[in-house]
Amino acid sequence: MTAAAPARPMRIGLSRDDLAMRAGLVLLALWLILTLALPLWSLLAKGFQDRDGNFVGLANYITYFSTPALVQSALNSLKVSLICTVIVVPIAFTYAYALTRAVLPARWLFQGIALIPIFAPSLLPGLALVYLFGNQGFFKKLFGGEIYGMDGIIVAQVFYCLPHATMILVTALRTADARLYEAADALGATRLRVFLTVTLPGAKYGLISAALVVFTLVITDFGIAKVIGGNFNVLATDVYKQVIGQQNFSMGAVVGMVLLAPAALAFVVDYLVQRKQVALLTARAVPLVPHPSRGRDLALLAFCGTVAFAILAILGMAVWGSLIKYWPYNLSLTLSHYNLAAADASGWGAYFNSIEMALGAAIVGTAVMFVGAWLAEKTRGFGAMRGLVQFLTFLPMAVPGLVLGLGYIFFFNAPGNPLNVLYGTMSILVINTVAHFYTVGHLTSTTALKQIDPEFESVSASLKVPVWRTFGRVTAPICLPAIVDIAIYMFVNAMTTVSAVIFLYSPETKLASVAAVNIEESGATATAAALCVLIVLTSATVKAAHLLADRYLFDRLQAWRRR
Amino acid sequence: MAGYLEIRGLVKRFGEFTALHDIDLDIAEGEFVCFLGPSGCGKTTLLRAIAGLDPQTGGTIRQRGLDVSSLPPAKRDFGIVFQSYALFPNLTVHDNVAYGLVSRRKTRAEIGRRVEELLALVGLPDSGRKYPAQLSGGQQQRVALARAIATAPGLLLLDEPLSALDARVRVRLRHEIKALQRRLGVTTIMVTHDQEEALTMADRIVVMNHGVIEQVGTPQEIYRRPATAFVADFIGAMSFLSGTFEAPARVRVGALAFGVPPQDGLAAGAAVQLCIRPEDVQVRNLPADAANRVAVSVAELDFVGSFCRATLDAGAGVTLTADFSSNLMRDLGVELGRRLEIALPPDRLRVFAA
Ligand SMILES: Nc1ncnc2c1ncn2[C@@H]1O[C@H](COP(=O)(O)OP(=O)(O)O)[C@@H](O)[C@H]1O
Ligand SMILES: [Mg+2]
């Protein structure tokens with residue numbers, strides 16, 4: 001018999017499981033197209049239309065680039081982002097280095113403090129700085145009386161970006177092989193030489209990633225520039241002004257596209273760089289355990305102490321500000337600013353809206369992200385659809401929240417779109433938030449799924465057990481820690497996010513983070529601070545509950561992990 | 001009995017790379033067949049094609065007369081044990097074994113009884129409440145086996161089931177798996193790269209290399225009459241001597257000439273490999289008219305325990321190995337440099353085209 005090459009590959013019949021999984025994957029792709037691709041497409045299209053929706057080609061872009069004020073904003077954005085990157089990365093690196101490579105007392109405490117800013121809306125450091133250095137501030141002389149503007153933005157951004165960069169660098173520095181250092185020691189290399197030839201190259205990809213993340217965070221952030229930017233315009237505030245202030249949607253779309261460009265570029269660069277990274281840790285690597293070294297440890301302790309103090313000072317200032325009767329004239333303490341009803345029509349409604357939205361985003365988001373990642377990972381064949389889903393799940397990472405929110409206005413508010421019933425509802429806020437933070441949830445799920453035995457589905461097929469039952473009885477329970485992580489991540493981000501939802505709320509669905517922006521605009525700084533503090537408290541409580549549960553509850557639920 | 005599984009013209013490609021070339025294979029009902037070959041030769045690929053887990057690019061598979069080539073795994077009849085065992089870590093041993101029984105409309109009590117029976121069968125009667133992580137590797141392996149046979153599949157597929165275990169457990173489990181298979185009479189295919197495993201367990205061995213089947217046969221046939229130089233080299237120890245074929249039944253190796261069994265299909269003057277196993281080399285009690293006598297000297301001696309493996313130098317760059325028992329070593333006074341007279345019995349010589 002000769003090897004008669006078949007003309008086309010064998011077609012394998014589909015089981016009921018296969019059909020269901022493919023249908024699920026198609027639904028997921030449709031969901032992602034509706035909540036991501038089409039809104040972005042609407043935004044792109046809007047930039048080429050005039051106010052009445054007529055196609056005008058590049059006219060809006062020409063107007064944009066010939067308006068000096070707008071171009072100045074773009075340059076301002078670039079400048080601030082670059083300066084912040086240059087400041088944050090070395091601080092975060094030193095902090096992360098101290099956490100991973102030095103013998104620090106109360107290491108967990110320093111690690112925890114560095115994470116605090118994650119639980120705060122970006123408005124918070126802005127408010128704290130106003131209290132400290134603003135027109136009425138304690139130390140206003142320090143900044144020559146003018147914190148509003150670039151300096152203020154930079155200080156607040158450093159606070160806001162530090163945890164993100166630190167987390168990346170801790171991960172990068174933790175994956176070190178002690179054997180490399182022993183070898184360097186044995187060769188008699190000096191400390192500096194070891195640092196330059198082993199430590200820094202090992203953290204190279206982490207450093208690049210951290211720099212790109214900080215750059216993107218700063219250029220796309222809206223809250224800080226809004227509160228403390230003063231007359232210093234940046235892209236993010238321009239989008240807001242064009243859309244909310246001047247109702248010039250086309251120009252808003254153009255600014256959005258200009259804002260999208262650097263964020264997308266940073267994403268692509270990071271993707272290309274990380275792809276080159278090979279696993280540094282082989283299975284035989286020996287984890288590095290730092291040895292005490294008095295001088296280094298003391299110096300790093302002093303450094304971490306200073307940074308931690310600054311973080312706590314900013315947070316503390318916001319808390320204190322929210323408790324003071326009438327800054328700076330009457331410093332007696334009061335809880336009256338927490339009487340939200342007095343400051344904003346929605347009162348406590350906004351806070352409970354936020355909780356509702358965060359719970360919704362956590363539940364819906366985690367379910368869609370985990371099931372979606374499972375479908376993308378486990379569906380047999382169907383390569384094209386899986387590729388499409390993979391691509392779509394990466395989009396949000398490259399798209400700033402403001403840009404996505406703007407896209408939502410254009411897409412969901414379009415008169416011809418049957419989905420415009422969603423406009424102004426809580427649902428659209430949840431849908432938008434899920435889309436906005438989709439990538440991290442998807443990646444976390446995928447990583448967790450890749451860590452479990454790939455043959456569970458094969459076993460269940462051989463035993464004639466439907467695949468969804470194996471998903472429910474085995475896969476999901478094993479991945480429970482990752483699932484909870486995603487839910488917490490979604491909750492915290494939904495509580496603090498401002499950028500996308502600021503275009504999408506209605507009076508009934510106003511969120512706490514948005515209310516804080518509005519209240520601050522109206523001049524009630526203390527109430528805005530109170531609202532920010534409530535958000536921090538809520539997120540931090542949820543996170544703390546997670547840590548406790550992790551320690552005491554999951555341990556019992558996961559008895560099977562013990563040997 | 002014949003033809004439980006019939007594979008015809010099976011081809012599997014991964015992009016440009018062809019992992020299986022035109023595989024034909026028949027497996028009878030109740031047989032224990034081993035796929036044996038070096039790592040990467042396509043054993044797992046063939047096993048997964050049979051299960052439908054990685055569908056073939058072309059060719060047909062018939063099981064019990066039914067064409068299953070295009071059926072998804074859920075519609076085929078097989079139980080499988082993976083190299084990793086793929087036990088569900090969050091389910092107890094009992095629930096793992098019961099996993100495939102639950103959906104079969106059985107009562108709890110029936111399922112409980114069946115699980116007990118299966119656990120007793122694999123020698124783990126009291127482990128039902130434990131989690132897989134609390135078991136040793138060998139015990140996990142048995143649980144995986146119990147789970148695979150719980151639904152009484154017609155075909156049992158085992159992919160390197162013993163390779164993750166240490167040597168002693170492995171030897172014990174060989175016998176247990178083989179005994180269990182006999183008792184159940186289930187047609188079984190086991191993938192292994194360990195020739196000893198294949199030789200001791202299989203009714204028939206399928207030797208594979210580079211995506212083709214080199215030989216199919218009983219362990220004795222494979223060992224005694226390897227069909228190709230690859231099989232000869234891969235299974236057991238074998239000396240290879242390069243020479244030329246002289247019709248009708250002689251091979252010339254340098255200055256030496258050896259009588260061999262008649263060969264068809266070899267032209268005179270063809271370059272060949274002459275093969276003999278170390279244990280087939282005769283040293284003692286050579287009859288006066290023994291064929292293929294050679295004078296050699298002992299060049300190397302490796303002590304292997306119950307015997308010594310000697311490298312013998314026949315001069316002019318021709319070397320071969322022979323096994324000497326301790327008795328023989330003593331009786332003949334074998335030591336390095338010692339000159340010996342040996343014979344290579346023609347019926348033990350194999351000739352392959354080079
Ligand atoms: N999914 C795959 N994609 C590409 N090549 C593969 C894939 N699976 C197996 N191969 C290749 O096919 C060949 C046979 O693999 P396999 O059947 O796993 O070998 P083994 O005999 O060790 O079980 C190997 O060369 C392997 O690299
Ligand atoms: Mg294999």
# chains A, B, ... in the order shown; residues from 1 in each chain; ligands from 1
$ interface_residues --of "chain B" --to "chain A" --cutoff "8 Å" --atoms "only C-alpha atoms" --output "PDB file with N, CA and C atoms, in the first residue's frame"
ATOM      1  N   GLY B   9      -3.903   2.361   6.637  1.00  0.00           N
ATOM      2  CA  GLY B   9      -3.399   3.561   5.963  1.00  0.00           C
ATOM      3  C   GLY B   9      -3.453   4.823   6.804  1.00  0.00           C
ATOM      4  N   VAL B  11      -2.511   8.064   8.596  1.00  0.00           N
ATOM      5  CA  VAL B  11      -1.500   9.105   8.427  1.00  0.00           C
ATOM      6  C   VAL B  11      -1.817  10.225   9.406  1.00  0.00           C
ATOM      7  N   HIS B  21       3.266   7.540   9.279  1.00  0.00           N
ATOM      8  CA  HIS B  21       3.227   7.277   7.845  1.00  0.00           C
ATOM      9  C   HIS B  21       2.433   6.010   7.619  1.00  0.00           C
ATOM     10  N   ASP B  22       1.267   6.098   7.052  1.00  0.00           N
ATOM     11  CA  ASP B  22       0.616   4.933   6.482  1.00  0.00           C
ATOM     12  C   ASP B  22       0.674   3.693   7.386  1.00  0.00           C
ATOM     13  N   LEU B  53      -8.697  11.433  20.184  1.00  0.00           N
ATOM     14  CA  LEU B  53      -8.331  12.672  20.896  1.00  0.00           C
ATOM     15  C   LEU B  53      -7.551  13.614  19.978  1.00  0.00           C
ATOM     16  N   PRO B  55      -7.332  13.561  16.113  1.00  0.00           N
ATOM     17  CA  PRO B  55      -7.779  12.820  14.929  1.00  0.00           C
ATOM     18  C   PRO B  55      -6.688  12.728  13.873  1.00  0.00           C
ATOM     19  N   GLN B  56      -6.688  11.597  13.179  1.00  0.00           N
ATOM     20  CA  GLN B  56      -5.706  11.368  12.132  1.00  0.00           C
ATOM     21  C   GLN B  56      -5.962  12.282  10.955  1.00  0.00           C
ATOM     22  N   THR B  57      -4.905  12.446  10.123  1.00  0.00           N
ATOM     23  CA  THR B  57      -5.059  13.234   8.907  1.00  0.00           C
ATOM     24  C   THR B  57      -5.730  12.407   7.824  1.00  0.00           C
ATOM     25  N   GLY B  58      -5.458  11.098   7.820  1.00  0.00           N
ATOM     26  CA  GLY B  58      -6.084  10.232   6.824  1.00  0.00           C
ATOM     27  C   GLY B  58      -6.035   8.789   7.280  1.00  0.00           C
ATOM     28  N   SER B  69     -13.536   6.064  12.430  1.00  0.00           N
ATOM     29  CA  SER B  69     -12.531   7.054  12.036  1.00  0.00           C
ATOM     30  C   SER B  69     -12.946   8.490  12.318  1.00  0.00           C
ATOM     31  N   SER B  70     -14.218   8.785  12.109  1.00  0.00           N
ATOM     32  CA  SER B  70     -14.605  10.183  12.234  1.00  0.00           C
ATOM     33  C   SER B  70     -15.477  10.432  13.467  1.00  0.00           C
ATOM     34  N   LEU B  71     -15.481   9.485  14.397  1.00  0.00           N
ATOM     35  CA  LEU B  71     -16.273   9.703  15.610  1.00  0.00           C
ATOM     36  C   LEU B  71     -15.478  10.506  16.636  1.00  0.00           C
ATOM     37  N   PRO B  72     -16.115  11.410  17.339  1.00  0.00           N
ATOM     38  CA  PRO B  72     -15.428  12.111  18.437  1.00  0.00           C
ATOM     39  C   PRO B  72     -15.192  11.135  19.591  1.00  0.00           C
ATOM     40  N   PRO B  73     -14.233  11.423  20.457  1.00  0.00           N
ATOM     41  CA  PRO B  73     -13.878  10.489  21.530  1.00  0.00           C
ATOM     42  C   PRO B  73     -15.079  10.068  22.372  1.00  0.00           C
ATOM     43  N   ALA B  74     -16.013  10.983  22.581  1.00  0.00           N
ATOM     44  CA  ALA B  74     -17.141  10.662  23.445  1.00  0.00           C
ATOM     45  C   ALA B  74     -18.012   9.564  22.849  1.00  0.00           C
ATOM     46  N   LYS B  75     -17.897   9.331  21.522  1.00  0.00           N
ATOM     47  CA  LYS B  75     -18.724   8.296  20.909  1.00  0.00           C
ATOM     48  C   LYS B  75     -17.937   7.015  20.661  1.00  0.00           C
ATOM     49  N   ARG B  76     -16.675   6.974  21.115  1.00  0.00           N
ATOM     50  CA  ARG B  76     -15.900   5.742  20.942  1.00  0.00           C
ATOM     51  C   ARG B  76     -15.897   4.978  22.256  1.00  0.00           C
ATOM     52  N   ASP B  77     -15.510   3.708  22.149  1.00  0.00           N
ATOM     53  CA  ASP B  77     -15.565   2.849  23.327  1.00  0.00           C
ATOM     54  C   ASP B  77     -14.141   2.575  23.811  1.00  0.00           C
ATOM     55  N   PHE B  78     -13.700   3.336  24.793  1.00  0.00           N
ATOM     56  CA  PHE B  78     -12.356   3.094  25.322  1.00  0.00           C
ATOM     57  C   PHE B  78     -12.238   3.680  26.726  1.00  0.00           C
ATOM     58  N   GLY B  79     -11.294   3.138  27.494  1.00  0.00           N
ATOM     59  CA  GLY B  79     -10.900   3.742  28.759  1.00  0.00           C
ATOM     60  C   GLY B  79      -9.436   4.103  28.617  1.00  0.00           C
ATOM     61  N   ILE B  80      -8.999   5.156  29.293  1.00  0.00           N
ATOM     62  CA  ILE B  80      -7.619   5.591  29.066  1.00  0.00           C
ATOM     63  C   ILE B  80      -6.937   5.968  30.374  1.00  0.00           C
ATOM     64  N   PHE B  82      -3.538   8.111  31.423  1.00  0.00           N
ATOM     65  CA  PHE B  82      -2.469   8.953  30.894  1.00  0.00           C
ATOM     66  C   PHE B  82      -1.217   8.826  31.747  1.00  0.00           C
ATOM     67  N   SER B  84       0.285  11.163  33.109  1.00  0.00           N
ATOM     68  CA  SER B  84       0.127  12.001  34.301  1.00  0.00           C
ATOM     69  C   SER B  84      -0.983  11.478  35.214  1.00  0.00           C
ATOM     70  N   ALA B  86      -3.894  12.074  35.290  1.00  0.00           N
ATOM     71  CA  ALA B  86      -5.036  12.995  35.181  1.00  0.00           C
ATOM     72  C   ALA B  86      -6.139  12.661  36.171  1.00  0.00           C
ATOM     73  N   LEU B  87      -5.755  12.325  37.401  1.00  0.00           N
ATOM     74  CA  LEU B  87      -6.775  12.135  38.447  1.00  0.00           C
ATOM     75  C   LEU B  87      -7.340  13.489  38.819  1.00  0.00           C
ATOM     76  N   PHE B  88      -8.613  13.522  39.190  1.00  0.00           N
ATOM     77  CA  PHE B  88      -9.221  14.781  39.616  1.00  0.00           C
ATOM     78  C   PHE B  88      -8.776  15.052  41.049  1.00  0.00           C
ATOM     79  N   PRO B  89      -7.938  16.062  41.257  1.00  0.00           N
ATOM     80  CA  PRO B  89      -7.299  16.210  42.576  1.00  0.00           C
ATOM     81  C   PRO B  89      -8.273  16.605  43.672  1.00  0.00           C
ATOM     82  N   ASN B  90      -9.401  17.229  43.285  1.00  0.00           N
ATOM     83  CA  ASN B  90     -10.327  17.706  44.313  1.00  0.00           C
ATOM     84  C   ASN B  90     -11.409  16.680  44.639  1.00  0.00           C
ATOM     85  N   LEU B  91     -11.351  15.508  44.004  1.00  0.00           N
ATOM     86  CA  LEU B  91     -12.321  14.458  44.313  1.00  0.00           C
ATOM     87  C   LEU B  91     -11.600  13.324  45.036  1.00  0.00           C
ATOM     88  N   TYR B  99     -16.581   8.347  38.846  1.00  0.00           N
ATOM     89  CA  TYR B  99     -16.874   9.475  37.966  1.00  0.00           C
ATOM     90  C   TYR B  99     -17.678   9.080  36.731  1.00  0.00           C
ATOM     91  N   GLY B 100     -17.279   7.989  36.091  1.00  0.00           N
ATOM     92  CA  GLY B 100     -17.972   7.590  34.873  1.00  0.00           C
ATOM     93  C   GLY B 100     -19.237   6.793  35.138  1.00  0.00           C
ATOM     94  N   SER B 103     -23.271   8.947  35.726  1.00  0.00           N
ATOM     95  CA  SER B 103     -24.274   9.329  34.735  1.00  0.00           C
ATOM     96  C   SER B 103     -24.975   8.113  34.126  1.00  0.00           C
ATOM     97  N   TYR B 131      -7.690  11.614  49.245  1.00  0.00           N
ATOM     98  CA  TYR B 131      -7.539  12.410  48.028  1.00  0.00           C
ATOM     99  C   TYR B 131      -6.285  11.945  47.295  1.00  0.00           C
ATOM    100  N   PRO B 132      -6.256  12.111  45.970  1.00  0.00           N
ATOM    101  CA  PRO B 132      -5.094  11.631  45.208  1.00  0.00           C
ATOM    102  C   PRO B 132      -3.760  12.105  45.771  1.00  0.00           C
ATOM    103  N   ALA B 133      -3.695  13.358  46.241  1.00  0.00           N
ATOM    104  CA  ALA B 133      -2.414  13.885  46.716  1.00  0.00           C
ATOM    105  C   ALA B 133      -1.888  13.107  47.916  1.00  0.00           C
ATOM    106  N   GLN B 134      -2.778  12.371  48.594  1.00  0.00           N
ATOM    107  CA  GLN B 134      -2.330  11.625  49.773  1.00  0.00           C
ATOM    108  C   GLN B 134      -1.835  10.227  49.424  1.00  0.00           C
ATOM    109  N   ALA B 148     -10.449   3.975  34.784  1.00  0.00           N
ATOM    110  CA  ALA B 148     -10.542   3.707  33.351  1.00  0.00           C
ATOM    111  C   ALA B 148     -11.364   2.451  33.055  1.00  0.00           C
ATOM    112  N   THR B 151     -16.161   1.654  33.718  1.00  0.00           N
ATOM    113  CA  THR B 151     -17.319   1.583  32.843  1.00  0.00           C
ATOM    114  C   THR B 151     -17.223   0.386  31.895  1.00  0.00           C
TER     115      THR B 151
END
$ select_by_dssp --residues "region 288-334 of chain B" --states "helix (DSSP H, G or I)" --output "JSON, numbers by chain"
{"B": [326, 327, 328, 329, 330, 331, 332]}
$ write_last_selection --atoms "all heavy atoms" --output "mmCIF file, in the first residue's frame"
data_model
loop_
_atom_site.group_PDB
_atom_site.id
_atom_site.type_symbol
_atom_site.label_atom_id
_atom_site.label_comp_id
_atom_site.auth_asym_id
_atom_site.auth_seq_id
_atom_site.Cartn_x
_atom_site.Cartn_y
_atom_site.Cartn_z
ATOM 1 N N SER B 326 29.774 -16.551 35.271
ATOM 2 C CA SER B 326 30.888 -16.591 36.221
ATOM 3 C C SER B 326 31.598 -17.937 36.148
ATOM 4 O O SER B 326 32.824 -18.012 36.199
ATOM 5 C CB SER B 326 30.378 -16.372 37.642
ATOM 6 O OG SER B 326 29.563 -15.235 37.668
ATOM 7 N N ASN B 327 30.802 -19.020 36.012
ATOM 8 C CA ASN B 327 31.383 -20.360 35.896
ATOM 9 C C ASN B 327 32.353 -20.444 34.748
ATOM 10 O O ASN B 327 33.485 -20.895 34.884
ATOM 11 C CB ASN B 327 30.274 -21.398 35.645
ATOM 12 C CG ASN B 327 29.595 -21.770 36.947
ATOM 13 O OD1 ASN B 327 30.177 -21.578 38.014
ATOM 14 N ND2 ASN B 327 28.379 -22.259 36.855
ATOM 15 N N LEU B 328 31.847 -19.969 33.607
ATOM 16 C CA LEU B 328 32.649 -20.056 32.397
ATOM 17 C C LEU B 328 33.937 -19.240 32.534
ATOM 18 O O LEU B 328 35.013 -19.674 32.137
ATOM 19 C CB LEU B 328 31.800 -19.542 31.242
ATOM 20 C CG LEU B 328 32.385 -19.691 29.853
ATOM 21 C CD1 LEU B 328 31.293 -20.067 28.875
ATOM 22 C CD2 LEU B 328 33.068 -18.417 29.440
ATOM 23 N N MET B 329 33.809 -18.078 33.171
ATOM 24 C CA MET B 329 34.978 -17.223 33.389
ATOM 25 C C MET B 329 36.043 -18.005 34.152
ATOM 26 O O MET B 329 37.225 -17.972 33.832
ATOM 27 C CB MET B 329 34.597 -15.994 34.223
ATOM 28 C CG MET B 329 33.552 -15.111 33.607
ATOM 29 S SD MET B 329 34.258 -13.897 32.524
ATOM 30 C CE MET B 329 35.130 -12.907 33.695
ATOM 31 N N ARG B 330 35.572 -18.703 35.211
ATOM 32 C CA ARG B 330 36.512 -19.423 36.062
ATOM 33 C C ARG B 330 37.105 -20.594 35.300
ATOM 34 O O ARG B 330 38.315 -20.770 35.232
ATOM 35 C CB ARG B 330 35.787 -19.907 37.316
ATOM 36 C CG ARG B 330 36.708 -20.308 38.434
ATOM 37 C CD ARG B 330 35.915 -20.650 39.689
ATOM 38 N NE ARG B 330 34.768 -21.503 39.400
ATOM 39 C CZ ARG B 330 33.493 -21.153 39.609
ATOM 40 N NH1 ARG B 330 33.189 -19.972 40.102
ATOM 41 N NH2 ARG B 330 32.514 -21.989 39.321
ATOM 42 N N ASP B 331 36.204 -21.390 34.655
ATOM 43 C CA ASP B 331 36.670 -22.606 33.996
ATOM 44 C C ASP B 331 37.666 -22.299 32.886
ATOM 45 O O ASP B 331 38.658 -23.000 32.714
ATOM 46 C CB ASP B 331 35.485 -23.392 33.409
ATOM 47 C CG ASP B 331 34.546 -23.858 34.505
ATOM 48 O OD1 ASP B 331 34.898 -23.663 35.688
ATOM 49 O OD2 ASP B 331 33.454 -24.373 34.179
ATOM 50 N N LEU B 332 37.405 -21.245 32.111
ATOM 51 C CA LEU B 332 38.296 -20.953 30.985
ATOM 52 C C LEU B 332 39.391 -19.963 31.345
ATOM 53 O O LEU B 332 40.227 -19.633 30.511
ATOM 54 C CB LEU B 332 37.493 -20.410 29.803
ATOM 55 C CG LEU B 332 36.439 -21.348 29.199
ATOM 56 C CD1 LEU B 332 35.837 -20.719 27.959
ATOM 57 C CD2 LEU B 332 37.037 -22.706 28.877
#
$ residues_near_ligand --ligand "ligand 2" --cutoff "8 Å" --atoms "only C-alpha atoms and all ligand atoms" --output "number ranges by chain"
B: 39-40, 42-45, 159-160, 191-192
$ residues_around --residues "Ala144 (chain B)" --least-positions-apart "2" --cutoff "8 Å" --atoms "only C-alpha atoms" --output "MDAnalysis selection string"
chainID B and resid 81 85:87 97 140:142 146:148
$ select_by_dssp --residues "region 195-363 of chain A" --states "strand (DSSP E)" --output "ChimeraX atom specification"
/A:324-326,330-333
$ write_last_selection --atoms "N, CA, C and O atoms" --output "PDB file, in the first residue's frame"
ATOM      1  N   ILE A 324     -12.229  67.064  58.917  1.00  0.00           N
ATOM      2  CA  ILE A 324     -12.044  68.396  59.490  1.00  0.00           C
ATOM      3  C   ILE A 324     -13.207  69.307  59.125  1.00  0.00           C
ATOM      4  O   ILE A 324     -13.708  69.276  57.996  1.00  0.00           O
ATOM      5  N   LYS A 325     -13.606  70.105  60.101  1.00  0.00           N
ATOM      6  CA  LYS A 325     -14.806  70.909  59.921  1.00  0.00           C
ATOM      7  C   LYS A 325     -14.683  71.883  58.750  1.00  0.00           C
ATOM      8  O   LYS A 325     -15.454  71.834  57.814  1.00  0.00           O
ATOM      9  N   TYR A 326     -13.715  72.799  58.836  1.00  0.00           N
ATOM     10  CA  TYR A 326     -13.625  73.780  57.774  1.00  0.00           C
ATOM     11  C   TYR A 326     -12.175  74.159  57.552  1.00  0.00           C
ATOM     12  O   TYR A 326     -11.624  75.015  58.220  1.00  0.00           O
ATOM     13  N   ASN A 330     -11.070  75.968  60.731  1.00  0.00           N
ATOM     14  CA  ASN A 330     -11.570  75.290  61.915  1.00  0.00           C
ATOM     15  C   ASN A 330     -11.166  73.832  61.829  1.00  0.00           C
ATOM     16  O   ASN A 330     -11.764  73.047  61.092  1.00  0.00           O
ATOM     17  N   LEU A 331     -10.109  73.470  62.559  1.00  0.00           N
ATOM     18  CA  LEU A 331      -9.546  72.131  62.401  1.00  0.00           C
ATOM     19  C   LEU A 331     -10.177  71.106  63.332  1.00  0.00           C
ATOM     20  O   LEU A 331      -9.680  69.999  63.452  1.00  0.00           O
ATOM     21  N   SER A 332     -11.261  71.448  63.995  1.00  0.00           N
ATOM     22  CA  SER A 332     -11.883  70.451  64.874  1.00  0.00           C
ATOM     23  C   SER A 332     -12.503  69.340  64.000  1.00  0.00           C
ATOM     24  O   SER A 332     -12.855  69.546  62.836  1.00  0.00           O
ATOM     25  N   LEU A 333     -12.599  68.166  64.615  1.00  0.00           N
ATOM     26  CA  LEU A 333     -13.016  66.995  63.840  1.00  0.00           C
ATOM     27  C   LEU A 333     -14.531  66.867  63.798  1.00  0.00           C
ATOM     28  O   LEU A 333     -15.225  67.226  64.741  1.00  0.00           O
TER      29      LEU A 333
END
$ residues_around --residues "Val368 (chain A)" --least-positions-apart "2" --cutoff "10 Å" --atoms "only C-alpha atoms" --output "VMD selection string"
chain A and resid 28 31 362 to 366 370 to 374 434 438 441 to 442
$ write_last_selection --atoms "N, CA, C and O atoms" --output "CSV table (one decimal), in the first residue's frame"
chain,number,residue,atom,x,y,z
A,28,LEU,N,-19.4,34.1,22.9
A,28,LEU,CA,-18.4,35.0,23.5
A,28,LEU,C,-17.8,36.0,22.5
A,28,LEU,O,-17.6,37.2,22.8
A,31,TRP,N,-20.3,38.7,22.0
A,31,TRP,CA,-20.3,39.6,23.2
A,31,TRP,C,-19.1,40.6,23.1
A,31,TRP,O,-19.2,41.8,23.4
A,362,ALA,N,-18.1,42.2,39.3
A,362,ALA,CA,-17.4,41.1,39.8
A,362,ALA,C,-18.0,39.7,39.4
A,362,ALA,O,-17.4,38.8,39.0
A,363,ILE,N,-19.3,39.7,39.6
A,363,ILE,CA,-20.0,38.4,39.3
A,363,ILE,C,-20.1,38.1,37.8
A,363,ILE,O,-19.6,37.1,37.3
A,364,VAL,N,-20.7,39.1,37.1
A,364,VAL,CA,-20.8,38.9,35.6
A,364,VAL,C,-19.4,38.7,35.0
A,364,VAL,O,-19.2,37.8,34.2
A,365,GLY,N,-18.5,39.6,35.3
A,365,GLY,CA,-17.2,39.7,34.7
A,365,GLY,C,-16.5,38.4,35.0
A,365,GLY,O,-15.9,37.7,34.0
A,366,THR,N,-16.4,37.9,36.2
A,366,THR,CA,-15.7,36.7,36.5
A,366,THR,C,-16.3,35.5,35.8
A,366,THR,O,-15.5,34.7,35.2
A,370,PHE,N,-14.0,33.7,33.1
A,370,PHE,CA,-13.5,32.4,33.3
A,370,PHE,C,-14.0,31.3,32.4
A,370,PHE,O,-13.3,30.6,31.8
A,371,VAL,N,-15.4,31.4,32.2
A,371,VAL,CA,-16.0,30.4,31.2
A,371,VAL,C,-15.4,30.7,29.8
A,371,VAL,O,-15.1,29.8,29.1
A,372,GLY,N,-15.2,32.0,29.5
A,372,GLY,CA,-14.7,32.3,28.2
A,372,GLY,C,-13.3,31.8,28.0
A,372,GLY,O,-13.0,31.2,26.9
A,373,ALA,N,-12.4,32.0,29.0
A,373,ALA,CA,-11.1,31.5,28.9
A,373,ALA,C,-11.1,30.0,28.8
A,373,ALA,O,-10.3,29.4,28.0
A,374,TRP,N,-12.0,29.3,29.5
A,374,TRP,CA,-12.1,27.9,29.4
A,374,TRP,C,-12.5,27.4,28.0
A,374,TRP,O,-11.9,26.5,27.5
A,434,VAL,N,-16.8,45.5,32.7
A,434,VAL,CA,-16.3,44.1,32.4
A,434,VAL,C,-15.4,44.2,31.1
A,434,VAL,O,-14.3,43.6,31.1
A,438,TYR,N,-11.2,43.4,30.9
A,438,TYR,CA,-11.3,42.0,30.5
A,438,TYR,C,-10.0,41.3,30.4
A,438,TYR,O,-9.9,40.2,30.8
A,441,GLY,N,-8.5,39.6,33.6
A,441,GLY,CA,-9.3,38.4,34.1
A,441,GLY,C,-9.1,37.2,33.2
A,441,GLY,O,-9.0,36.1,33.6
A,442,HIS,N,-9.1,37.5,31.9
A,442,HIS,CA,-8.9,36.5,30.9
A,442,HIS,C,-7.5,35.8,31.1
A,442,HIS,O,-7.4,34.6,31.1
$ residues_around --residues "Ala302 (chain A)" --least-positions-apart "4" --cutoff "12 Å" --atoms "only C-alpha atoms" --output "ChimeraX atom specification"
/A:94-95,98,104-105,110,295-298,306-309
$ atom_distance --atom1 "atom 20 (P, counted along the ligand's line) of ligand 1" --atom2 "CA of Asp54 (chain B)"
13.3 Å
$ atom_distance --atom1 "CA of Tyr148 (chain A)" --atom2 "CA of Gly523 (chain A)"
14.8 Å
$ residues_around --residues "Thr525 (chain A)" --least-positions-apart "4" --cutoff "10 Å" --atoms "only C-alpha atoms" --output "VMD selection string"
chain A and resid 127 to 128 130 to 131 227 318 321 to 322 327 337 516 to 517 519 to 521 529 to 531
